[in-house]
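Working notes for the structure below.
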Amino acid sequence: MELATLEGFPKRAADLAILCEIGDVLNSSVELDEILNRILVGVTAGQGLRFNRAFLLLVEERDRVLRGSLSIGPDNGEEASRVWNDLDHERLTLREMLVTYSHRVPGVGKQVGGIVSRLAVSLDEASHVLVRALRQGKARIVRRGEDDPSCRHVADVLGVERFALVPILSRSGPVGVLLADNAITGRAIDPSDLDILRLFANHAGTAIEKARLYGRIRQEKEALERAHQDLRNNQQTIIELQRLSDLGEMAARVAHEIRNPLVAIGGFARHMLSATAEDDLRHKPLHIIVSEVRKLETILQEVLDYARPFKLNAVPTDVNLLVGEVLEMVAMERESLGIESQAHLDPSCGKIQADAALLKIALINLLRNALQAIPRDRGRRGRVVVSTRNAGTLLEVSVQDNGAGIGLEVADRIFEPFFTTKSSGSGLGLAIVSQILREHRGRVRFESRPDEGTTFYLDVPFGKGSAT
Amino acid sequence: MTASAKVLVVDDEENLCLLYREELESEGYRVKTAPDCASALRILEEDPPDVVVMDIRMPRTDGIEAMGRMLSRRNELPVILNTAYSSYKDDFRSWPASAYVIKSSDLTELKKAIAQVLPPPPRQRS
């Protein structure tokens, strides 16, 4: 008896050293996959616990099932001797082995992998040998010949007479079970092997729990970071909107205050101009006052139209007719610039449900922009083309110019309020157009080529109740 | 020949009243001006106009309400609203107006609107 204990002592000491080393390596990782892999390598490594094969079944709480998830080991003797020879040759230390070796050696253990995927036991099967081990927290050696049919079943799936069964537990509950056997060498599993496997499973349980907690913390952290980022973005948007709305309100107030004096200045200037002969010295200065005031009034109008709350007054509207009116309205400005105009009107457009006054504003804005986009004294004649097209569910109105085109560097900003590339103007024209189209559940888009020109498209849905 | 048509301009800006008077008188209209709703109502009683040009933004009683009060006394009276916005009709109270004109230093639109609701004035400017 005494002798036996002493004889076993060196092996014990070596086992504990191995265990210590494996525990260390397991503890150095918080990645669950990495830890599970290291557990299996530790169980089977020649420098480790020296089992031929190992299988890991994990508890899946959601489905209430214990399911095989990982395995390690060769399929047969031939494969075993090849892999073990290779490993011998590499002379890895246990630590190196644990850190670098993967249970997924290409081409090895295909059948073993198949075995693990066939292992699945409902946690409600209380009498099943695997579930019992998990519930009772007891490690044991299972023999094929036992009375319990579940023992024979598992032994059959593994294809062995005996295997070691060790539960992996953690403080928060059962994690899974570890199965280990010596299917290739047939070496007996003795109680000291089971002891060390049990101690090993303790380490494994702690490491797995740690990794899962860490994973949860990481998820929570990422969710928090996302929420934080969202919040920041929203806050930024709110500040931006608030700023714009304050700015708009102020602009509207200023515009209202300036309007009456402008009407008086411009009005009297016009009055005097109409009573002044063209060769009169005062004619030109008066003309300048009149045209400058007109510019200012246009800007004011844009600010007021943009800042006011929109309310759609949609009625069946003949857009072709509207285009005619709008072309008429800008005719003087257009002719003074020496620009020709064309209208291509699709007779099948019929009427759309729209606010005619708002749509008019949108078209005037686009036309004015088009006229201003055409540089003077250029080789070819300036031209604007307004077209309508019945595009099925929507009506497309386009305003095309052969002007300078819109630079790429400003293309994504042109609809921003207060953005302008002109030396005068409120920067609200296109913002108004886009707002009006939004109100109509439509949209505005454009195509542009440098030096060839720009086409703006208004897509207006026909809407309910419109006669087409 | 009938007497020339009478235009009542209601605007709290004295200079604008002056401008409208100059322009409209040179068009051959007779022009009365009122700085607020109360004086406008008084003129309505004493010297009934043929058309009213009404500013909307005024202190105390705004133009739309003033129009309402005038129409409640003389419901056939044409009223032209001087609006701030290029699209109007948002406020249903403004619907009874005969016309809406954007307030502008260019009075062409206003004169057109007046001519539309009135018989032509006896003395056209050449």
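Chain lettering (A, B, ...) mirrors the order of the structure tokens, residue numbering begins at 1 for each chain separately, and ligand numbering begins at 1 in order of display.
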
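For chain A, the residues having at least one atom no farther than 6 Å from chain B, when counting only C-alpha atoms, are Val263, Ala264, Gly266, Gly267, Asp305 and Ala357 of chain A.
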
Store the residues of this selection in a file with N, CA, C and O atoms, as a short mmCIF file (atom, residue, chain, number, x, y, z; two decimals), in the first residue's frame.
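Done, and the output landed in again-v1.cif:
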data_model
loop_
_atom_site.label_atom_id
_atom_site.label_comp_id
_atom_site.auth_asym_id
_atom_site.auth_seq_id
_atom_site.Cartn_x
_atom_site.Cartn_y
_atom_site.Cartn_z
N VAL A 263 -39.86 98.64 -50.63
CA VAL A 263 -40.98 98.95 -51.52
C VAL A 263 -41.05 100.46 -51.75
O VAL A 263 -41.25 100.92 -52.87
N ALA A 264 -40.83 101.23 -50.67
CA ALA A 264 -40.88 102.68 -50.80
C ALA A 264 -39.75 103.19 -51.69
O ALA A 264 -39.98 103.96 -52.64
N GLY A 266 -37.82 101.54 -53.93
CA GLY A 266 -37.95 101.06 -55.31
C GLY A 266 -39.16 101.67 -55.99
O GLY A 266 -39.11 102.03 -57.17
N GLY A 267 -40.25 101.79 -55.24
CA GLY A 267 -41.49 102.29 -55.81
C GLY A 267 -41.35 103.73 -56.28
O GLY A 267 -41.71 104.08 -57.41
N ASP A 305 -40.37 82.98 -48.35
CA ASP A 305 -41.01 81.74 -48.81
C ASP A 305 -40.41 80.54 -48.13
O ASP A 305 -41.10 79.55 -47.86
N ALA A 357 -49.46 77.27 -57.07
CA ALA A 357 -48.65 78.42 -56.71
C ALA A 357 -47.24 77.98 -56.29
O ALA A 357 -46.24 78.59 -56.69
#

Can you check which residues of segment 315-413 of chain A DSSP gives as alpha helix (DSSP H) on the backbone and send them as an mmCIF file with N, CA, C and O atoms, in the first residue's frame?
data_model
loop_
_atom_site.group_PDB
_atom_site.id
_atom_site.type_symbol
_atom_site.label_atom_id
_atom_site.label_comp_id
_atom_site.auth_asym_id
_atom_site.auth_seq_id
_atom_site.Cartn_x
_atom_site.Cartn_y
_atom_site.Cartn_z
ATOM 1 N N VAL A 319 -50.050 71.109 -65.611
ATOM 2 C CA VAL A 319 -48.659 71.538 -65.531
ATOM 3 C C VAL A 319 -48.191 72.173 -66.833
ATOM 4 O O VAL A 319 -47.407 73.120 -66.825
ATOM 5 N N ASN A 320 -48.703 71.674 -67.963
ATOM 6 C CA ASN A 320 -48.304 72.270 -69.247
ATOM 7 C C ASN A 320 -48.680 73.744 -69.298
ATOM 8 O O ASN A 320 -47.914 74.588 -69.754
ATOM 9 N N LEU A 321 -49.878 74.022 -68.787
ATOM 10 C CA LEU A 321 -50.340 75.399 -68.739
ATOM 11 C C LEU A 321 -49.441 76.224 -67.831
ATOM 12 O O LEU A 321 -49.045 77.348 -68.131
ATOM 13 N N LEU A 322 -49.102 75.611 -66.693
ATOM 14 C CA LEU A 322 -48.262 76.255 -65.688
ATOM 15 C C LEU A 322 -46.900 76.606 -66.278
ATOM 16 O O LEU A 322 -46.373 77.702 -66.060
ATOM 17 N N VAL A 323 -46.329 75.669 -67.049
ATOM 18 C CA VAL A 323 -45.020 75.907 -67.667
ATOM 19 C C VAL A 323 -45.100 77.126 -68.577
ATOM 20 O O VAL A 323 -44.224 77.994 -68.571
ATOM 21 N N GLY A 324 -46.193 77.222 -69.340
ATOM 22 C CA GLY A 324 -46.389 78.370 -70.220
ATOM 23 C C GLY A 324 -46.389 79.675 -69.448
ATOM 24 O O GLY A 324 -45.692 80.632 -69.804
ATOM 25 N N GLU A 325 -47.134 79.694 -68.332
ATOM 26 C CA GLU A 325 -47.222 80.912 -67.524
ATOM 27 C C GLU A 325 -45.860 81.299 -66.977
ATOM 28 O O GLU A 325 -45.480 82.472 -66.974
ATOM 29 N N VAL A 326 -45.146 80.290 -66.499
ATOM 30 C CA VAL A 326 -43.858 80.563 -65.870
ATOM 31 C C VAL A 326 -42.862 81.084 -66.906
ATOM 32 O O VAL A 326 -42.106 82.027 -66.647
ATOM 33 N N LEU A 327 -42.872 80.498 -68.098
ATOM 34 C CA LEU A 327 -41.976 80.973 -69.152
ATOM 35 C C LEU A 327 -42.281 82.432 -69.476
ATOM 36 O O LEU A 327 -41.387 83.242 -69.711
ATOM 37 N N GLU A 328 -43.582 82.745 -69.456
ATOM 38 C CA GLU A 328 -44.018 84.117 -69.698
ATOM 39 C C GLU A 328 -43.446 85.042 -68.624
ATOM 40 O O GLU A 328 -42.970 86.140 -68.903
ATOM 41 N N MET A 329 -43.478 84.564 -67.373
ATOM 42 C CA MET A 329 -43.054 85.401 -66.250
ATOM 43 C C MET A 329 -41.563 85.751 -66.300
ATOM 44 O O MET A 329 -41.163 86.793 -65.790
ATOM 45 N N ALA A 331 -39.854 85.861 -69.149
ATOM 46 C CA ALA A 331 -39.512 86.188 -70.535
ATOM 47 C C ALA A 331 -38.645 87.439 -70.646
ATOM 48 O O ALA A 331 -37.658 87.458 -71.377
ATOM 49 N N MET A 332 -39.018 88.482 -69.852
ATOM 50 C CA MET A 332 -38.272 89.726 -69.966
ATOM 51 C C MET A 332 -36.818 89.543 -69.551
ATOM 52 O O MET A 332 -35.893 89.961 -70.251
ATOM 53 N N GLU A 333 -36.652 88.912 -68.422
ATOM 54 C CA GLU A 333 -35.305 88.657 -67.902
ATOM 55 C C GLU A 333 -34.509 87.846 -68.934
ATOM 56 O O GLU A 333 -33.342 88.118 -69.193
ATOM 57 N N ARG A 334 -35.172 86.820 -69.503
ATOM 58 C CA ARG A 334 -34.509 85.926 -70.450
ATOM 59 C C ARG A 334 -34.074 86.689 -71.697
ATOM 60 O O ARG A 334 -32.919 86.580 -72.136
ATOM 61 N N GLU A 335 -34.993 87.501 -72.235
ATOM 62 C CA GLU A 335 -34.678 88.222 -73.466
ATOM 63 C C GLU A 335 -33.561 89.224 -73.248
ATOM 64 O O GLU A 335 -32.698 89.408 -74.110
ATOM 65 N N SER A 336 -33.557 89.879 -72.071
ATOM 66 C CA SER A 336 -32.512 90.868 -71.806
ATOM 67 C C SER A 336 -31.136 90.191 -71.770
ATOM 68 O O SER A 336 -30.116 90.838 -71.958
ATOM 69 N N ALA A 356 -50.534 74.679 -57.295
ATOM 70 C CA ALA A 356 -50.050 75.377 -58.489
ATOM 71 C C ALA A 356 -49.108 76.523 -58.122
ATOM 72 O O ALA A 356 -48.076 76.712 -58.769
ATOM 73 N N ALA A 357 -49.464 77.268 -57.075
ATOM 74 C CA ALA A 357 -48.646 78.423 -56.713
ATOM 75 C C ALA A 357 -47.244 77.982 -56.287
ATOM 76 O O ALA A 357 -46.244 78.586 -56.685
ATOM 77 N N LEU A 358 -47.188 76.905 -55.484
ATOM 78 C CA LEU A 358 -45.884 76.417 -55.027
ATOM 79 C C LEU A 358 -45.072 75.863 -56.188
ATOM 80 O O LEU A 358 -43.871 76.097 -56.300
ATOM 81 N N LEU A 359 -45.738 75.105 -57.046
ATOM 82 C CA LEU A 359 -45.041 74.517 -58.187
ATOM 83 C C LEU A 359 -44.477 75.614 -59.082
ATOM 84 O O LEU A 359 -43.399 75.492 -59.656
ATOM 85 N N LYS A 360 -45.229 76.690 -59.180
ATOM 86 C CA LYS A 360 -44.785 77.839 -59.965
ATOM 87 C C LYS A 360 -43.499 78.404 -59.371
ATOM 88 O O LYS A 360 -42.542 78.689 -60.089
ATOM 89 N N ILE A 361 -43.495 78.555 -58.046
ATOM 90 C CA ILE A 361 -42.294 79.070 -57.388
ATOM 91 C C ILE A 361 -41.104 78.169 -57.700
ATOM 92 O O ILE A 361 -40.005 78.638 -58.032
ATOM 93 N N ALA A 362 -41.332 76.851 -57.614
ATOM 94 C CA ALA A 362 -40.252 75.902 -57.866
ATOM 95 C C ALA A 362 -39.710 76.088 -59.280
ATOM 96 O O ALA A 362 -38.495 76.158 -59.498
ATOM 97 N N LEU A 363 -40.619 76.186 -60.254
ATOM 98 C CA LEU A 363 -40.196 76.314 -61.648
ATOM 99 C C LEU A 363 -39.499 77.648 -61.918
ATOM 100 O O LEU A 363 -38.497 77.700 -62.632
ATOM 101 N N ILE A 364 -40.016 78.707 -61.308
ATOM 102 C CA ILE A 364 -39.373 80.018 -61.498
ATOM 103 C C ILE A 364 -37.952 79.982 -60.958
ATOM 104 O O ILE A 364 -37.005 80.450 -61.591
ATOM 105 N N ASN A 365 -37.804 79.381 -59.772
ATOM 106 C CA ASN A 365 -36.465 79.277 -59.193
ATOM 107 C C ASN A 365 -35.520 78.529 -60.118
ATOM 108 O O ASN A 365 -34.378 78.945 -60.337
ATOM 109 N N LEU A 366 -35.998 77.398 -60.673
ATOM 110 C CA LEU A 366 -35.146 76.612 -61.559
ATOM 111 C C LEU A 366 -34.803 77.397 -62.822
ATOM 112 O O LEU A 366 -33.670 77.380 -63.294
ATOM 113 N N LEU A 367 -35.803 78.104 -63.347
ATOM 114 C CA LEU A 367 -35.574 78.870 -64.577
ATOM 115 C C LEU A 367 -34.584 80.009 -64.343
ATOM 116 O O LEU A 367 -33.687 80.240 -65.149
ATOM 117 N N ARG A 368 -34.762 80.717 -63.231
ATOM 118 C CA ARG A 368 -33.838 81.820 -62.923
ATOM 119 C C ARG A 368 -32.418 81.279 -62.794
ATOM 120 O O ARG A 368 -31.475 81.853 -63.319
ATOM 121 N N ASN A 369 -32.276 80.138 -62.083
ATOM 122 C CA ASN A 369 -30.953 79.518 -61.952
ATOM 123 C C ASN A 369 -30.387 79.187 -63.327
ATOM 124 O O ASN A 369 -29.211 79.410 -63.593
ATOM 125 N N ALA A 370 -31.246 78.627 -64.176
ATOM 126 C CA ALA A 370 -30.792 78.230 -65.510
ATOM 127 C C ALA A 370 -30.280 79.450 -66.279
ATOM 128 O O ALA A 370 -29.210 79.420 -66.889
ATOM 129 N N LEU A 371 -31.046 80.542 -66.224
ATOM 130 C CA LEU A 371 -30.642 81.757 -66.940
ATOM 131 C C LEU A 371 -29.305 82.268 -66.410
ATOM 132 O O LEU A 371 -28.447 82.702 -67.172
ATOM 133 N N GLN A 372 -29.155 82.179 -65.077
ATOM 134 C CA GLN A 372 -27.926 82.705 -64.483
ATOM 135 C C GLN A 372 -26.734 81.788 -64.720
ATOM 136 O O GLN A 372 -25.586 82.203 -64.581
ATOM 137 N N ALA A 373 -27.018 80.519 -65.053
ATOM 138 C CA ALA A 373 -25.917 79.568 -65.237
ATOM 139 C C ALA A 373 -25.281 79.707 -66.613
ATOM 140 O O ALA A 373 -24.235 79.136 -66.874
ATOM 141 N N LEU A 408 -18.435 69.333 -59.450
ATOM 142 C CA LEU A 408 -18.547 68.160 -58.565
ATOM 143 C C LEU A 408 -18.402 68.545 -57.101
ATOM 144 O O LEU A 408 -19.054 67.989 -56.227
ATOM 145 N N GLU A 409 -17.533 69.532 -56.860
ATOM 146 C CA GLU A 409 -17.211 69.882 -55.472
ATOM 147 C C GLU A 409 -18.390 70.533 -54.752
ATOM 148 O O GLU A 409 -18.417 70.554 -53.525
ATOM 149 N N VAL A 410 -19.377 71.037 -55.508
ATOM 150 C CA VAL A 410 -20.521 71.645 -54.829
ATOM 151 C C VAL A 410 -21.806 70.835 -55.041
ATOM 152 O O VAL A 410 -22.834 71.128 -54.442
ATOM 153 N N ALA A 411 -21.717 69.782 -55.898
ATOM 154 C CA ALA A 411 -22.925 69.060 -56.316
ATOM 155 C C ALA A 411 -23.758 68.561 -55.146
ATOM 156 O O ALA A 411 -24.981 68.620 -55.184
#

I'd like to know which of B:Leu110, B:Ala40, B:Leu24, B:Leu118 is closest to Arg69 of chain B, using only C-alpha atoms.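 Ranked by minimum distance to Arg69 of chain B, first place goes to B:Ala40.
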
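Considering only C-alpha atoms, the residue among B:Leu81, B:Glu76, B:Arg21, B:Ile56 positioned nearest to His271 of chain A is B:Arg21.
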
Step one, run DSSP on the backbone; step two, keep only residues of chain B assigned to strand (DSSP E or B); then write them as a PyMOL selection string. chain B and resi 6-10+30-34+51-55+79-83+99-102

I need the residues from that last selection saved to file as an mmCIF file, in the first residue's frame (with C-alpha atoms), if you can.
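Heads up, here's the output in selection_16.cif:
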data_model
loop_
_atom_site.group_PDB
_atom_site.id
_atom_site.type_symbol
_atom_site.label_atom_id
_atom_site.label_comp_id
_atom_site.auth_asym_id
_atom_site.auth_seq_id
_atom_site.Cartn_x
_atom_site.Cartn_y
_atom_site.Cartn_z
ATOM 1 C CA LYS B 6 -62.081 105.497 -55.450
ATOM 2 C CA VAL B 7 -59.279 103.344 -54.020
ATOM 3 C CA LEU B 8 -58.784 103.001 -50.295
ATOM 4 C CA VAL B 9 -55.248 101.975 -49.341
ATOM 5 C CA VAL B 10 -54.823 100.559 -45.833
ATOM 6 C CA ARG B 30 -59.038 108.892 -56.492
ATOM 7 C CA VAL B 31 -57.054 107.658 -53.511
ATOM 8 C CA LYS B 32 -57.771 107.623 -49.788
ATOM 9 C CA THR B 33 -55.316 106.176 -47.291
ATOM 10 C CA ALA B 34 -55.750 104.805 -43.791
ATOM 11 C CA VAL B 51 -61.884 98.940 -53.991
ATOM 12 C CA VAL B 52 -59.623 98.425 -50.982
ATOM 13 C CA VAL B 53 -55.911 97.633 -51.105
ATOM 14 C CA MET B 54 -55.079 96.025 -47.780
ATOM 15 C CA ASP B 55 -51.717 95.355 -46.178
ATOM 16 C CA VAL B 79 -60.536 93.805 -51.402
ATOM 17 C CA ILE B 80 -57.039 93.202 -52.715
ATOM 18 C CA LEU B 81 -54.633 91.718 -50.168
ATOM 19 C CA ASN B 82 -50.994 92.713 -50.190
ATOM 20 C CA THR B 83 -49.250 89.486 -49.086
ATOM 21 C CA ALA B 99 -57.090 89.175 -55.342
ATOM 22 C CA TYR B 100 -53.744 88.614 -53.721
ATOM 23 C CA VAL B 101 -50.692 90.581 -54.735
ATOM 24 C CA ILE B 102 -47.159 90.182 -53.488
#

Residues near Thr61 of chain B, cut-off 10 Å, only C-alpha atoms, skip fewer than 6 positions along chain, as a count of residues only: 4
